[in-house]
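Q: Structure: run_0.cif, mmCIF, C-alpha atoms and all ligand atoms.
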```cif
data_start
loop_
_atom_site.group_PDB
_atom_site.id
_atom_site.type_symbol
_atom_site.label_atom_id
_atom_site.label_comp_id
_atom_site.auth_asym_id
_atom_site.auth_seq_id
_atom_site.Cartn_x
_atom_site.Cartn_y
_atom_site.Cartn_z
ATOM 1 C CA MET A 233 4.447 -26.174 6.516
ATOM 2 C CA ASP A 234 7.703 -24.288 6.840
ATOM 3 C CA VAL A 235 6.324 -21.384 8.934
ATOM 4 C CA PRO A 236 4.515 -21.996 12.233
ATOM 5 C CA ILE A 237 0.918 -20.757 12.442
ATOM 6 C CA GLY A 238 1.687 -18.253 15.227
ATOM 7 C CA GLU A 239 4.313 -16.605 13.059
ATOM 8 C CA LEU A 240 1.970 -16.440 10.053
ATOM 9 C CA LEU A 241 -0.661 -14.675 12.126
ATOM 10 C CA SER A 242 1.713 -12.307 13.888
ATOM 11 C CA LEU A 243 1.910 -8.623 12.957
ATOM 12 C CA LYS A 244 4.976 -7.996 15.144
ATOM 13 C CA GLY A 245 7.289 -5.410 13.654
ATOM 14 C CA ARG A 246 4.550 -4.031 11.408
ATOM 15 C CA ARG A 247 2.762 -0.708 11.553
ATOM 16 C CA ALA A 248 -0.914 -0.491 10.631
ATOM 17 C CA LEU A 249 -2.936 2.612 9.850
ATOM 18 C CA ILE A 250 -6.661 2.191 10.478
ATOM 19 C CA THR A 251 -9.275 4.830 9.650
ATOM 20 C CA GLY A 252 -12.559 5.097 11.503
ATOM 21 C CA ALA A 253 -10.759 3.633 14.511
ATOM 22 C CA ALA A 254 -12.808 5.524 17.102
ATOM 23 C CA SER A 255 -15.652 3.036 17.059
ATOM 24 C CA GLY A 256 -17.268 -0.064 15.615
ATOM 25 C CA ILE A 257 -15.368 -2.205 13.112
ATOM 26 C CA GLY A 258 -12.368 0.160 13.132
ATOM 27 C CA ARG A 259 -11.916 -0.078 16.891
ATOM 28 C CA ALA A 260 -12.333 -3.861 16.895
ATOM 29 C CA THR A 261 -9.740 -4.128 14.109
ATOM 30 C CA ALA A 262 -7.308 -1.921 16.019
ATOM 31 C CA LEU A 263 -7.598 -4.183 19.064
ATOM 32 C CA ARG A 264 -7.057 -7.422 17.117
ATOM 33 C CA PHE A 265 -4.066 -5.910 15.279
ATOM 34 C CA ALA A 266 -2.621 -4.742 18.603
ATOM 35 C CA GLU A 267 -3.107 -8.230 20.041
ATOM 36 C CA ALA A 268 -1.192 -9.571 17.016
ATOM 37 C CA GLY A 269 1.663 -7.179 17.833
ATOM 38 C CA ALA A 270 1.242 -4.355 15.301
ATOM 39 C CA ASP A 271 2.080 -0.763 16.146
ATOM 40 C CA LEU A 272 -0.844 1.473 15.250
ATOM 41 C CA GLU A 273 -1.639 4.792 13.606
ATOM 42 C CA LEU A 274 -5.307 5.420 14.369
ATOM 43 C CA VAL A 275 -7.275 7.965 12.338
ATOM 44 C CA ASP A 276 -10.733 9.391 12.962
ATOM 45 C CA ILE A 277 -12.617 12.665 13.208
ATOM 46 C CA ASP A 278 -13.807 11.683 16.694
ATOM 47 C CA GLU A 279 -10.953 12.573 19.041
ATOM 48 C CA PHE A 280 -12.617 11.242 22.172
ATOM 49 C CA GLY A 281 -13.334 7.822 20.637
ATOM 50 C CA LEU A 282 -9.784 7.673 19.297
ATOM 51 C CA LYS A 283 -8.345 8.195 22.770
ATOM 52 C CA GLU A 284 -10.531 5.392 24.110
ATOM 53 C CA THR A 285 -9.338 2.994 21.397
ATOM 54 C CA LYS A 286 -5.732 4.033 22.024
ATOM 55 C CA ALA A 287 -6.017 3.244 25.744
ATOM 56 C CA LEU A 288 -7.519 -0.180 25.015
ATOM 57 C CA ALA A 289 -4.916 -1.024 22.343
ATOM 58 C CA GLU A 290 -1.981 0.049 24.517
ATOM 59 C CA GLU A 291 -2.892 -2.693 26.958
ATOM 60 C CA PHE A 292 -1.289 -5.065 24.426
ATOM 61 C CA GLY A 293 2.039 -3.251 24.818
ATOM 62 C CA VAL A 294 2.217 -1.829 21.291
ATOM 63 C CA GLU A 295 2.897 1.761 20.212
ATOM 64 C CA VAL A 296 -0.276 3.658 19.360
ATOM 65 C CA LYS A 297 -0.461 7.103 17.778
ATOM 66 C CA VAL A 298 -3.729 8.926 17.104
ATOM 67 C CA HIS A 299 -4.551 11.444 14.401
ATOM 68 C CA ARG A 300 -7.666 13.596 14.384
ATOM 69 C CA VAL A 301 -8.370 13.901 10.650
ATOM 70 C CA ASP A 302 -11.484 14.878 8.713
ATOM 71 C CA LEU A 303 -11.114 12.437 5.832
ATOM 72 C CA SER A 304 -13.531 14.440 3.693
ATOM 73 C CA ARG A 305 -10.770 17.052 3.340
ATOM 74 C CA LYS A 306 -7.906 16.052 1.042
ATOM 75 C CA ILE A 307 -5.657 18.669 2.584
ATOM 76 C CA GLU A 308 -5.977 16.926 5.948
ATOM 77 C CA ILE A 309 -5.121 13.583 4.335
ATOM 78 C CA ASP A 310 -2.018 15.119 2.738
ATOM 79 C CA THR A 311 -0.981 16.633 6.074
ATOM 80 C CA LEU A 312 -1.454 13.255 7.786
ATOM 81 C CA TRP A 313 0.922 11.528 5.336
ATOM 82 C CA GLU A 314 3.393 14.381 5.672
ATOM 83 C CA SER A 315 3.449 13.686 9.419
ATOM 84 C CA LEU A 316 3.998 9.951 8.739
ATOM 85 C CA LYS A 317 7.131 10.524 6.624
ATOM 86 C CA GLY A 318 9.821 8.029 7.583
ATOM 87 C CA ARG A 319 7.426 5.698 9.425
ATOM 88 C CA GLU A 320 4.842 4.972 6.737
ATOM 89 C CA PRO A 321 2.605 2.016 7.643
ATOM 90 C CA ASP A 322 2.977 -1.504 6.184
ATOM 91 C CA ILE A 323 -0.776 -2.062 6.421
ATOM 92 C CA LEU A 324 -3.572 0.331 5.502
ATOM 93 C CA VAL A 325 -7.200 -0.261 6.497
ATOM 94 C CA ASN A 326 -9.658 2.211 4.951
ATOM 95 C CA ASN A 327 -12.651 1.600 7.163
ATOM 96 C CA ALA A 328 -14.140 5.052 7.949
ATOM 97 C CA GLY A 329 -17.507 5.565 6.339
ATOM 98 C CA VAL A 330 -20.895 7.178 6.812
ATOM 99 C CA TYR A 331 -24.265 5.657 6.034
ATOM 100 C CA TRP A 332 -26.429 8.743 5.978
ATOM 101 C CA PHE A 333 -29.903 8.169 4.546
ATOM 102 C CA LYS A 334 -31.473 10.619 2.104
ATOM 103 C CA ASP A 335 -34.106 10.066 -0.524
ATOM 104 C CA PHE A 336 -32.505 10.020 -3.987
ATOM 105 C CA THR A 337 -34.673 12.922 -5.187
ATOM 106 C CA GLU A 338 -33.589 15.098 -2.263
ATOM 107 C CA VAL A 339 -29.819 14.636 -2.515
ATOM 108 C CA ASP A 340 -28.163 17.995 -3.234
ATOM 109 C CA GLU A 341 -24.634 18.725 -4.376
ATOM 110 C CA GLY A 342 -23.267 19.500 -0.913
ATOM 111 C CA PHE A 343 -24.605 16.274 0.592
ATOM 112 C CA TYR A 344 -23.471 14.178 -2.377
ATOM 113 C CA GLU A 345 -19.972 15.634 -2.315
ATOM 114 C CA LYS A 346 -19.586 15.061 1.416
ATOM 115 C CA VAL A 347 -20.696 11.428 1.240
ATOM 116 C CA MET A 348 -18.453 10.731 -1.746
ATOM 117 C CA ALA A 349 -15.530 12.551 -0.116
ATOM 118 C CA ILE A 350 -15.683 10.358 2.986
ATOM 119 C CA ASN A 351 -16.746 7.026 1.470
ATOM 120 C CA LEU A 352 -14.833 6.996 -1.824
ATOM 121 C CA ASP A 353 -12.488 9.960 -2.388
ATOM 122 C CA SER A 354 -10.691 9.526 0.933
ATOM 123 C CA VAL A 355 -10.096 5.836 0.140
ATOM 124 C CA PHE A 356 -8.643 6.846 -3.229
ATOM 125 C CA TRP A 357 -6.243 9.432 -1.758
ATOM 126 C CA MET A 358 -5.238 7.261 1.200
ATOM 127 C CA CYS A 359 -4.433 4.394 -1.181
ATOM 128 C CA GLN A 360 -2.475 6.715 -3.457
ATOM 129 C CA HIS A 361 -0.299 7.921 -0.567
ATOM 130 C CA PHE A 362 0.176 4.341 0.609
ATOM 131 C CA VAL A 363 1.127 2.986 -2.822
ATOM 132 C CA ARG A 364 3.583 5.836 -3.396
ATOM 133 C CA ALA A 365 5.261 5.014 -0.087
ATOM 134 C CA ARG A 366 5.138 1.207 -0.302
ATOM 135 C CA LYS A 367 5.229 0.187 -3.961
ATOM 136 C CA ASP A 368 8.830 -1.026 -3.682
ATOM 137 C CA LYS A 369 8.875 -2.183 -0.050
ATOM 138 C CA GLY A 370 5.500 -3.966 -0.164
ATOM 139 C CA GLY A 371 2.385 -3.764 1.940
ATOM 140 C CA VAL A 372 -1.252 -4.648 2.461
ATOM 141 C CA ILE A 373 -4.400 -2.626 1.765
ATOM 142 C CA ILE A 374 -7.815 -3.569 3.121
ATOM 143 C CA ASN A 375 -10.720 -1.423 1.970
ATOM 144 C CA VAL A 376 -14.186 -1.629 3.467
ATOM 145 C CA SER A 377 -17.218 -1.737 1.173
ATOM 146 C CA SER A 378 -20.763 -2.834 2.079
ATOM 147 C CA ILE A 379 -23.371 -5.435 1.195
ATOM 148 C CA GLU A 380 -25.356 -2.405 -0.062
ATOM 149 C CA ALA A 381 -22.921 -2.132 -2.995
ATOM 150 C CA PHE A 382 -23.946 -5.554 -4.259
ATOM 151 C CA LEU A 383 -27.535 -5.837 -3.099
ATOM 152 C CA PRO A 384 -29.067 -2.424 -2.396
ATOM 153 C CA PHE A 385 -31.886 -3.202 -0.003
ATOM 154 C CA ALA A 386 -32.268 0.042 1.950
ATOM 155 C CA LYS A 387 -34.094 2.945 0.358
ATOM 156 C CA GLY A 388 -32.271 6.280 0.529
ATOM 157 C CA LEU A 389 -28.701 5.041 0.114
ATOM 158 C CA ALA A 390 -28.061 5.467 -3.646
ATOM 159 C CA HIS A 391 -25.134 7.832 -2.962
ATOM 160 C CA TYR A 392 -23.651 5.351 -0.438
ATOM 161 C CA ASP A 393 -24.131 2.381 -2.765
ATOM 162 C CA ALA A 394 -22.364 4.173 -5.626
ATOM 163 C CA ALA A 395 -19.416 5.087 -3.395
ATOM 164 C CA LYS A 396 -19.085 1.595 -1.941
ATOM 165 C CA LEU A 397 -19.075 -0.096 -5.343
ATOM 166 C CA GLY A 398 -16.442 2.447 -6.383
ATOM 167 C CA VAL A 399 -14.313 1.224 -3.473
ATOM 168 C CA VAL A 400 -14.456 -2.301 -4.945
ATOM 169 C CA ALA A 401 -13.317 -1.198 -8.417
ATOM 170 C CA LEU A 402 -10.543 0.972 -6.967
ATOM 171 C CA THR A 403 -9.233 -1.872 -4.815
ATOM 172 C CA ARG A 404 -9.171 -4.354 -7.676
ATOM 173 C CA ALA A 405 -7.353 -1.886 -9.913
ATOM 174 C CA ILE A 406 -4.652 -1.500 -7.260
ATOM 175 C CA ALA A 407 -4.508 -5.294 -6.801
ATOM 176 C CA ARG A 408 -3.880 -5.670 -10.520
ATOM 177 C CA ASP A 409 -1.420 -2.817 -11.016
ATOM 178 C CA TYR A 410 0.682 -3.271 -7.856
ATOM 179 C CA GLY A 411 0.131 -6.960 -7.035
ATOM 180 C CA LYS A 412 3.829 -7.767 -7.233
ATOM 181 C CA LYS A 413 4.385 -5.856 -4.011
ATOM 182 C CA ILE A 414 1.024 -4.844 -2.561
ATOM 183 C CA ARG A 415 -1.944 -7.066 -1.733
ATOM 184 C CA ALA A 416 -5.239 -5.148 -1.880
ATOM 185 C CA ASN A 417 -8.535 -6.713 -0.830
ATOM 186 C CA VAL A 418 -12.077 -5.640 -0.024
ATOM 187 C CA VAL A 419 -14.063 -6.602 3.041
ATOM 188 C CA VAL A 420 -17.829 -6.414 2.617
ATOM 189 C CA PRO A 421 -19.583 -6.189 5.974
ATOM 190 C CA GLY A 422 -23.312 -6.460 6.480
ATOM 191 C CA GLY A 423 -25.526 -6.443 9.543
ATOM 192 C CA ILE A 424 -22.755 -5.709 12.018
ATOM 193 C CA GLU A 425 -23.942 -4.361 15.345
ATOM 194 C CA THR A 426 -21.658 -1.346 15.660
ATOM 195 C CA GLU A 427 -22.292 1.980 17.366
ATOM 196 C CA GLY A 428 -23.317 3.389 13.994
ATOM 197 C CA VAL A 429 -25.816 0.630 13.296
ATOM 198 C CA LYS A 430 -27.229 0.745 16.827
ATOM 199 C CA LYS A 431 -27.804 4.496 16.414
ATOM 200 C CA LEU A 432 -29.443 3.880 13.060
ATOM 201 C CA LYS A 433 -31.750 1.265 14.504
ATOM 202 C CA LYS A 434 -32.725 3.635 17.305
ATOM 203 C CA GLU A 435 -33.296 6.555 14.935
ATOM 204 C CA ALA A 436 -35.232 4.406 12.508
ATOM 205 C CA ILE A 437 -37.563 3.428 15.287
ATOM 206 C CA MET A 438 -37.847 6.897 16.775
ATOM 207 C CA LYS A 439 -37.711 9.225 13.793
ATOM 208 C CA PHE A 440 -38.553 7.410 10.591
ATOM 209 C CA ASP A 441 -41.062 5.056 9.246
ATOM 210 C CA MET A 442 -39.113 1.785 9.018
ATOM 211 C CA GLU A 443 -40.876 0.786 5.812
ATOM 212 C CA LYS A 444 -40.106 4.143 4.231
ATOM 213 C CA ILE A 445 -36.345 3.936 4.698
ATOM 214 C CA GLY A 446 -36.481 0.339 3.587
ATOM 215 C CA ILE A 447 -34.925 -1.271 6.667
ATOM 216 C CA SER A 448 -38.034 -3.237 7.283
ATOM 217 C CA PHE A 449 -38.187 -6.211 9.582
ATOM 218 C CA ASN A 450 -37.405 -8.248 6.470
ATOM 219 C CA PHE A 451 -33.759 -7.445 7.040
ATOM 220 C CA ASN A 452 -33.616 -9.527 10.180
ATOM 221 C CA ALA A 453 -35.671 -12.267 8.565
ATOM 222 C CA ARG A 454 -33.188 -12.402 5.688
ATOM 223 C CA LEU A 455 -30.171 -12.958 7.899
ATOM 224 C CA PRO A 456 -29.364 -16.642 7.318
ATOM 225 C CA MET A 457 -27.643 -16.915 10.685
ATOM 226 C CA GLY A 458 -30.618 -15.362 12.431
ATOM 227 C CA ARG A 459 -28.554 -12.687 14.170
ATOM 228 C CA PHE A 460 -26.491 -9.565 13.601
ATOM 229 C CA GLY A 461 -22.694 -9.883 13.535
ATOM 230 C CA GLN A 462 -20.322 -8.322 16.042
ATOM 231 C CA PRO A 463 -17.527 -5.884 15.113
ATOM 232 C CA ASP A 464 -14.910 -8.393 16.242
ATOM 233 C CA GLU A 465 -16.207 -10.927 13.725
ATOM 234 C CA VAL A 466 -15.146 -8.495 10.986
ATOM 235 C CA ALA A 467 -11.893 -7.669 12.766
ATOM 236 C CA ARG A 468 -10.878 -11.336 12.700
ATOM 237 C CA VAL A 469 -11.175 -11.353 8.906
ATOM 238 C CA MET A 470 -9.207 -8.094 8.737
ATOM 239 C CA LEU A 471 -6.450 -9.758 10.758
ATOM 240 C CA PHE A 472 -6.400 -12.758 8.430
ATOM 241 C CA LEU A 473 -6.084 -10.472 5.381
ATOM 242 C CA ALA A 474 -3.413 -8.285 6.976
ATOM 243 C CA SER A 475 -1.317 -11.272 8.029
ATOM 244 C CA ASP A 476 0.873 -13.672 6.074
ATOM 245 C CA LEU A 477 -1.884 -16.287 6.385
ATOM 246 C CA ALA A 478 -3.375 -14.470 3.379
ATOM 247 C CA SER A 479 -0.085 -14.236 1.451
ATOM 248 C CA TYR A 480 -1.716 -15.286 -1.856
ATOM 249 C CA VAL A 481 -5.004 -13.392 -1.416
ATOM 250 C CA ASN A 482 -5.100 -10.333 -3.680
ATOM 251 C CA GLY A 483 -8.017 -8.536 -5.359
ATOM 252 C CA ALA A 484 -10.520 -10.581 -3.355
ATOM 253 C CA ILE A 485 -13.971 -9.428 -2.296
ATOM 254 C CA ILE A 486 -14.820 -11.007 1.040
ATOM 255 C CA PRO A 487 -18.333 -10.677 2.474
ATOM 256 C CA VAL A 488 -18.596 -10.821 6.261
ATOM 257 C CA ASP A 489 -22.360 -10.754 6.397
ATOM 258 C CA GLY A 490 -23.475 -14.058 7.873
ATOM 259 C CA GLY A 491 -24.522 -15.123 4.366
ATOM 260 C CA PHE A 492 -26.831 -12.166 3.619
ATOM 261 C CA LEU A 493 -25.554 -11.786 0.046
ATOM 262 C CA SER A 494 -26.370 -15.400 -0.677
ATOM 263 C CA THR A 495 -30.082 -14.896 0.020
HETATM 264 P P1 LIG B 501 -19.251 3.514 12.841
HETATM 265 O O1 LIG B 501 -20.145 4.664 12.593
HETATM 266 O O2 LIG B 501 -19.385 2.770 14.140
HETATM 267 O O3 LIG B 501 -17.739 3.968 12.661
HETATM 268 C C1 LIG B 501 -17.332 4.749 11.571
HETATM 269 C C2 LIG B 501 -16.182 5.652 12.010
HETATM 270 O O4 LIG B 501 -15.832 6.515 10.913
HETATM 271 C C3 LIG B 501 -16.582 6.559 13.185
HETATM 272 O O5 LIG B 501 -15.649 6.432 14.245
HETATM 273 C C4 LIG B 501 -16.570 7.941 12.579
HETATM 274 O O6 LIG B 501 -16.214 8.976 13.489
HETATM 275 C C5 LIG B 501 -15.568 7.795 11.441
HETATM 276 N N1 LIG B 501 -15.745 8.859 10.462
HETATM 277 C C6 LIG B 501 -16.913 9.264 9.880
HETATM 278 N N2 LIG B 501 -16.684 10.338 9.103
HETATM 279 C C7 LIG B 501 -15.357 10.610 9.173
HETATM 280 C C8 LIG B 501 -14.529 11.609 8.603
HETATM 281 N N3 LIG B 501 -15.015 12.570 7.802
HETATM 282 N N4 LIG B 501 -13.201 11.597 8.905
HETATM 283 C C9 LIG B 501 -12.690 10.672 9.734
HETATM 284 N N5 LIG B 501 -13.435 9.706 10.314
HETATM 285 C C10 LIG B 501 -14.754 9.681 10.038
HETATM 286 O O7 LIG B 501 -19.420 2.555 11.601
HETATM 287 P P2 LIG B 501 -19.198 0.987 11.401
HETATM 288 O O8 LIG B 501 -20.541 0.370 11.415
HETATM 289 O O9 LIG B 501 -18.116 0.482 12.276
HETATM 290 O O10 LIG B 501 -18.723 0.998 9.881
HETATM 291 C C11 LIG B 501 -17.353 0.913 9.499
HETATM 292 C C12 LIG B 501 -17.315 0.731 7.987
HETATM 293 O O11 LIG B 501 -18.024 -0.447 7.629
HETATM 294 C C13 LIG B 501 -17.951 1.876 7.198
HETATM 295 O O12 LIG B 501 -17.199 2.132 6.046
HETATM 296 C C14 LIG B 501 -19.321 1.320 6.831
HETATM 297 O O13 LIG B 501 -19.846 1.902 5.670
HETATM 298 C C15 LIG B 501 -18.977 -0.140 6.646
HETATM 299 N N6 LIG B 501 -20.142 -1.022 6.786
HETATM 300 C C16 LIG B 501 -20.679 -1.287 8.013
HETATM 301 C C17 LIG B 501 -21.774 -2.133 8.098
HETATM 302 C C18 LIG B 501 -22.397 -2.505 9.414
HETATM 303 O O14 LIG B 501 -23.304 -3.336 9.425
HETATM 304 N N7 LIG B 501 -21.973 -1.932 10.523
HETATM 305 C C19 LIG B 501 -22.352 -2.680 6.945
HETATM 306 C C20 LIG B 501 -21.782 -2.373 5.730
HETATM 307 C C21 LIG B 501 -20.671 -1.553 5.662
#
```
The structure in this file should be written as structure tokens.
Ligand code: NAD
A:
Amino acid sequence: MDVPIGELLSLKGRRALITGAASGIGRATALRFAEAGADLELVDIDEFGLKETKALAEEFGVEVKVHRVDLSRKIEIDTLWESLKGREPDILVNNAGVYWFKDFTEVDEGFYEKVMAINLDSVFWMCQHFVRARKDKGGVIINVSSIEAFLPFAKGLAHYDAAKLGVVALTRAIARDYGKKIRANVVVPGGIETEGVKKLKKEAIMKFDMEKIGISFNFNARLPMGRFGQPDEVARVMLFLASDLASYVNGAIIPVDGGFLST
């Protein structure tokens, strides 16, 4: 017990880049990291949401910069990293993602490419930039997958499931190849009541037949804890992984799903 717990948990003096920071899990993670003392680079396509997160995070007295980036466009990712030259982050959280439903037989090339570009390709390119910048200095990567990658339960998400399992393989490859300096882990959320999920619930009720898209009432019945999770309950795990509390955690796959995957 040579290092006090407060010091192990602190992110003071570190800079974290978080994607999808305008809402949901990304925003909650930004706020916990700010509370732990990290300076932030927040990335999202939603400029308004980003500004809101920035204002909330600044209340912790840390430096917060925002970047409006469409992560489906590699050129925008390259430009982002160009702008970060000289102050590359120590921690990278690839959290942005879209769970757009479409029946497998109706997925066309444009839709497929967009979903893959956001949910998998952007994670690949962001990690590549990060590893190039940090492979000697060290750092932490946290990539966000989904329970859907391991237990596809919702109809109309084959494209999403494929991308999210790809995120797992990519993360473990980085953990293996760069483990001497970089810790890379995967967080696997499920049933988290974010803005995105709330919208989905509303749309499912208003626009779709719940049974048809597969999010039947069984989902709730299958939640061992009998409730949805809150974004901050994922953010707390993100903070653990980003901090020195997790100094020997590398290549791990960590569900934050209230036990859903165990059912
Ligand atoms: P959310 O919709 O609340 O937030 C996602 C963020 O990503 C949004 O701010 C959005 O603007 C941003 N984004 C989308 N497309 C983008 C693009 N092209 N460029 C830049 N930013 C873009 O979602 P959430 O529920 O907080 O989900 C966060 C992550 O967790 C996602 O990767 C999602 O797949 C994953 N996940 C969530 C749940 C859940 O229950 N909420 C379950 C499994 C996995």
Q: Evaluate the PyMOL selection byres (((not hetatm)) within 6 of (chain B and resi 501)) here and jot the selected residues down as an NGL selection string.
A: :A and (252-258 or 276-278 or 301-304 or 327-331 or 350 or 376-379 or 421-429)
Q: Show me the residues around (-2.0, -15.3, 17.3) - criterion: an atom at most 12 Å away, all atoms listed in the file counted - as a list of chain:residue names.
A: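 Residues with an atom close enough to that point: A:Pro236, A:Ile237, A:Gly238, A:Glu239, A:Leu240, A:Leu241, A:Ser242, A:Leu243, A:Lys244, A:Arg264, A:Phe265, A:Ala266, A:Glu267, A:Ala268, A:Gly269, A:Ala270, A:Arg468, A:Leu471, A:Phe472, A:Ser475, A:Asp476, A:Leu477.
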Q: Write a file of the selected residues as a JSON list (two decimals), in the frame of the given file, keeping C-alpha atoms.
A:
```json
[["chain", "number", "residue", "atom", "x", "y", "z"],
["A", 236, "PRO", "CA", 4.51, -22.00, 12.23],
["A", 237, "ILE", "CA", 0.92, -20.76, 12.44],
["A", 238, "GLY", "CA", 1.69, -18.25, 15.23],
["A", 239, "GLU", "CA", 4.31, -16.60, 13.06],
["A", 240, "LEU", "CA", 1.97, -16.44, 10.05],
["A", 241, "LEU", "CA", -0.66, -14.68, 12.13],
["A", 242, "SER", "CA", 1.71, -12.31, 13.89],
["A", 243, "LEU", "CA", 1.91, -8.62, 12.96],
["A", 244, "LYS", "CA", 4.98, -8.00, 15.14],
["A", 264, "ARG", "CA", -7.06, -7.42, 17.12],
["A", 265, "PHE", "CA", -4.07, -5.91, 15.28],
["A", 266, "ALA", "CA", -2.62, -4.74, 18.60],
["A", 267, "GLU", "CA", -3.11, -8.23, 20.04],
["A", 268, "ALA", "CA", -1.19, -9.57, 17.02],
["A", 269, "GLY", "CA", 1.66, -7.18, 17.83],
["A", 270, "ALA", "CA", 1.24, -4.36, 15.30],
["A", 468, "ARG", "CA", -10.88, -11.34, 12.70],
["A", 471, "LEU", "CA", -6.45, -9.76, 10.76],
["A", 472, "PHE", "CA", -6.40, -12.76, 8.43],
["A", 475, "SER", "CA", -1.32, -11.27, 8.03],
["A", 476, "ASP", "CA", 0.87, -13.67, 6.07],
["A", 477, "LEU", "CA", -1.88, -16.29, 6.38]]
```
Q: May I have the protein, DNA and RNA residues with an atom at most 7 Å from (-29.6, 9.2, 2.9), counting all atoms listed in the file in the file's coordinates, returned as a VMD selection string?
A: chain A and resid 332 to 335 388 to 389
Q: Compile the contact shell of stretch 395-402 of chain A as an mmCIF file with C-alpha atoms, in the frame of the given file: residues with an atom at most 12 Å away, counting only C-alpha atoms, same-chain residues fewer than 5 positions apart removed.
A:
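Result written to part17.cif:
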```cif
data_model
loop_
_atom_site.group_PDB
_atom_site.id
_atom_site.type_symbol
_atom_site.label_atom_id
_atom_site.label_comp_id
_atom_site.auth_asym_id
_atom_site.auth_seq_id
_atom_site.Cartn_x
_atom_site.Cartn_y
_atom_site.Cartn_z
ATOM 1 C CA ASN A 326 -9.658 2.211 4.951
ATOM 2 C CA ASN A 327 -12.651 1.600 7.163
ATOM 3 C CA ALA A 328 -14.140 5.052 7.949
ATOM 4 C CA GLY A 329 -17.507 5.565 6.339
ATOM 5 C CA VAL A 330 -20.895 7.178 6.812
ATOM 6 C CA TYR A 331 -24.265 5.657 6.034
ATOM 7 C CA TYR A 344 -23.471 14.178 -2.377
ATOM 8 C CA GLU A 345 -19.972 15.634 -2.315
ATOM 9 C CA LYS A 346 -19.586 15.061 1.416
ATOM 10 C CA VAL A 347 -20.696 11.428 1.240
ATOM 11 C CA MET A 348 -18.453 10.731 -1.746
ATOM 12 C CA ALA A 349 -15.530 12.551 -0.116
ATOM 13 C CA ILE A 350 -15.683 10.358 2.986
ATOM 14 C CA ASN A 351 -16.746 7.026 1.470
ATOM 15 C CA LEU A 352 -14.833 6.996 -1.824
ATOM 16 C CA ASP A 353 -12.488 9.960 -2.388
ATOM 17 C CA SER A 354 -10.691 9.526 0.933
ATOM 18 C CA VAL A 355 -10.096 5.836 0.140
ATOM 19 C CA PHE A 356 -8.643 6.846 -3.229
ATOM 20 C CA TRP A 357 -6.243 9.432 -1.758
ATOM 21 C CA MET A 358 -5.238 7.261 1.200
ATOM 22 C CA CYS A 359 -4.433 4.394 -1.181
ATOM 23 C CA GLN A 360 -2.475 6.715 -3.457
ATOM 24 C CA ILE A 373 -4.400 -2.626 1.765
ATOM 25 C CA ILE A 374 -7.815 -3.569 3.121
ATOM 26 C CA ASN A 375 -10.720 -1.423 1.970
ATOM 27 C CA VAL A 376 -14.186 -1.629 3.467
ATOM 28 C CA SER A 377 -17.218 -1.737 1.173
ATOM 29 C CA SER A 378 -20.763 -2.834 2.079
ATOM 30 C CA ILE A 379 -23.371 -5.435 1.195
ATOM 31 C CA GLU A 380 -25.356 -2.405 -0.062
ATOM 32 C CA ALA A 381 -22.921 -2.132 -2.995
ATOM 33 C CA PHE A 382 -23.946 -5.554 -4.259
ATOM 34 C CA LEU A 383 -27.535 -5.837 -3.099
ATOM 35 C CA PRO A 384 -29.067 -2.424 -2.396
ATOM 36 C CA LEU A 389 -28.701 5.041 0.114
ATOM 37 C CA ALA A 390 -28.061 5.467 -3.646
ATOM 38 C CA ALA A 407 -4.508 -5.294 -6.801
ATOM 39 C CA ARG A 408 -3.880 -5.670 -10.520
ATOM 40 C CA ASP A 409 -1.420 -2.817 -11.016
ATOM 41 C CA ALA A 416 -5.239 -5.148 -1.880
ATOM 42 C CA ASN A 417 -8.535 -6.713 -0.830
ATOM 43 C CA VAL A 418 -12.077 -5.640 -0.024
ATOM 44 C CA VAL A 419 -14.063 -6.602 3.041
ATOM 45 C CA VAL A 420 -17.829 -6.414 2.617
ATOM 46 C CA PRO A 421 -19.583 -6.189 5.974
ATOM 47 C CA GLY A 483 -8.017 -8.536 -5.359
ATOM 48 C CA ALA A 484 -10.520 -10.581 -3.355
ATOM 49 C CA ILE A 485 -13.971 -9.428 -2.296
ATOM 50 C CA ILE A 486 -14.820 -11.007 1.040
ATOM 51 C CA PRO A 487 -18.333 -10.677 2.474
#
```
Q: Take the PyMOL selection byres (((chain A and resi 290) around 12) and not hetatm), run it mentally on this structure, and tell me the resulting residues as a list of chain:residue names.
A: A:Ala262, A:Leu263, A:Arg264, A:Phe265, A:Ala266, A:Glu267, A:Gly269, A:Ala270, A:Asp271, A:Leu272, A:Glu273, A:Leu274, A:Lys283, A:Glu284, A:Thr285, A:Lys286, A:Ala287, A:Leu288, A:Ala289, A:Glu291, A:Phe292, A:Gly293, A:Val294, A:Glu295, A:Val296, A:Lys297, A:Val298
Q: Enter the distance from atom CA of A:Ala260 to atom CA of A:Phe460, in Å, rounded to one decimal.
A: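 Going from atom CA of A:Ala260 over to atom CA of A:Phe460, I get 15.6 Å.
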Q: Atom CA of A:Lys367 and atom CA of A:Tyr410 are how many Å apart?
A: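 Interatomic distance here is 6.9 Å.
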Q: For atom CA of A:Leu432 and atom CA of A:Leu324, quote the distance in Å rounded to one decimal.
A: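 Atom CA of A:Leu324 lies at a distance of 27.2 Å from atom CA of A:Leu432.
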Q: Go through A:Arg366, A:Arg300, A:Arg319, A:Arg459 and flag the residue nearest A:Gly411, using all atoms listed in the file for the distances.
A: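 So, comparing all the options, the nearest one is A:Arg366.
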Q: Pick from A:Gly245, A:Ser494, A:Ile307, A:Leu312: nearest to A:Val275, with all atoms listed in the file counted?
A: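 Using all atoms listed in the file, the shortest distance to A:Val275 belongs to A:Leu312.
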Q: Considering all atoms listed in the file, state which residue in the set A:Ile323, A:Ala453, A:Ala467, A:Met233 is at the smallest distance from A:Ile250.
A: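 Ranked by minimum distance to A:Ile250, first place goes to A:Ile323.
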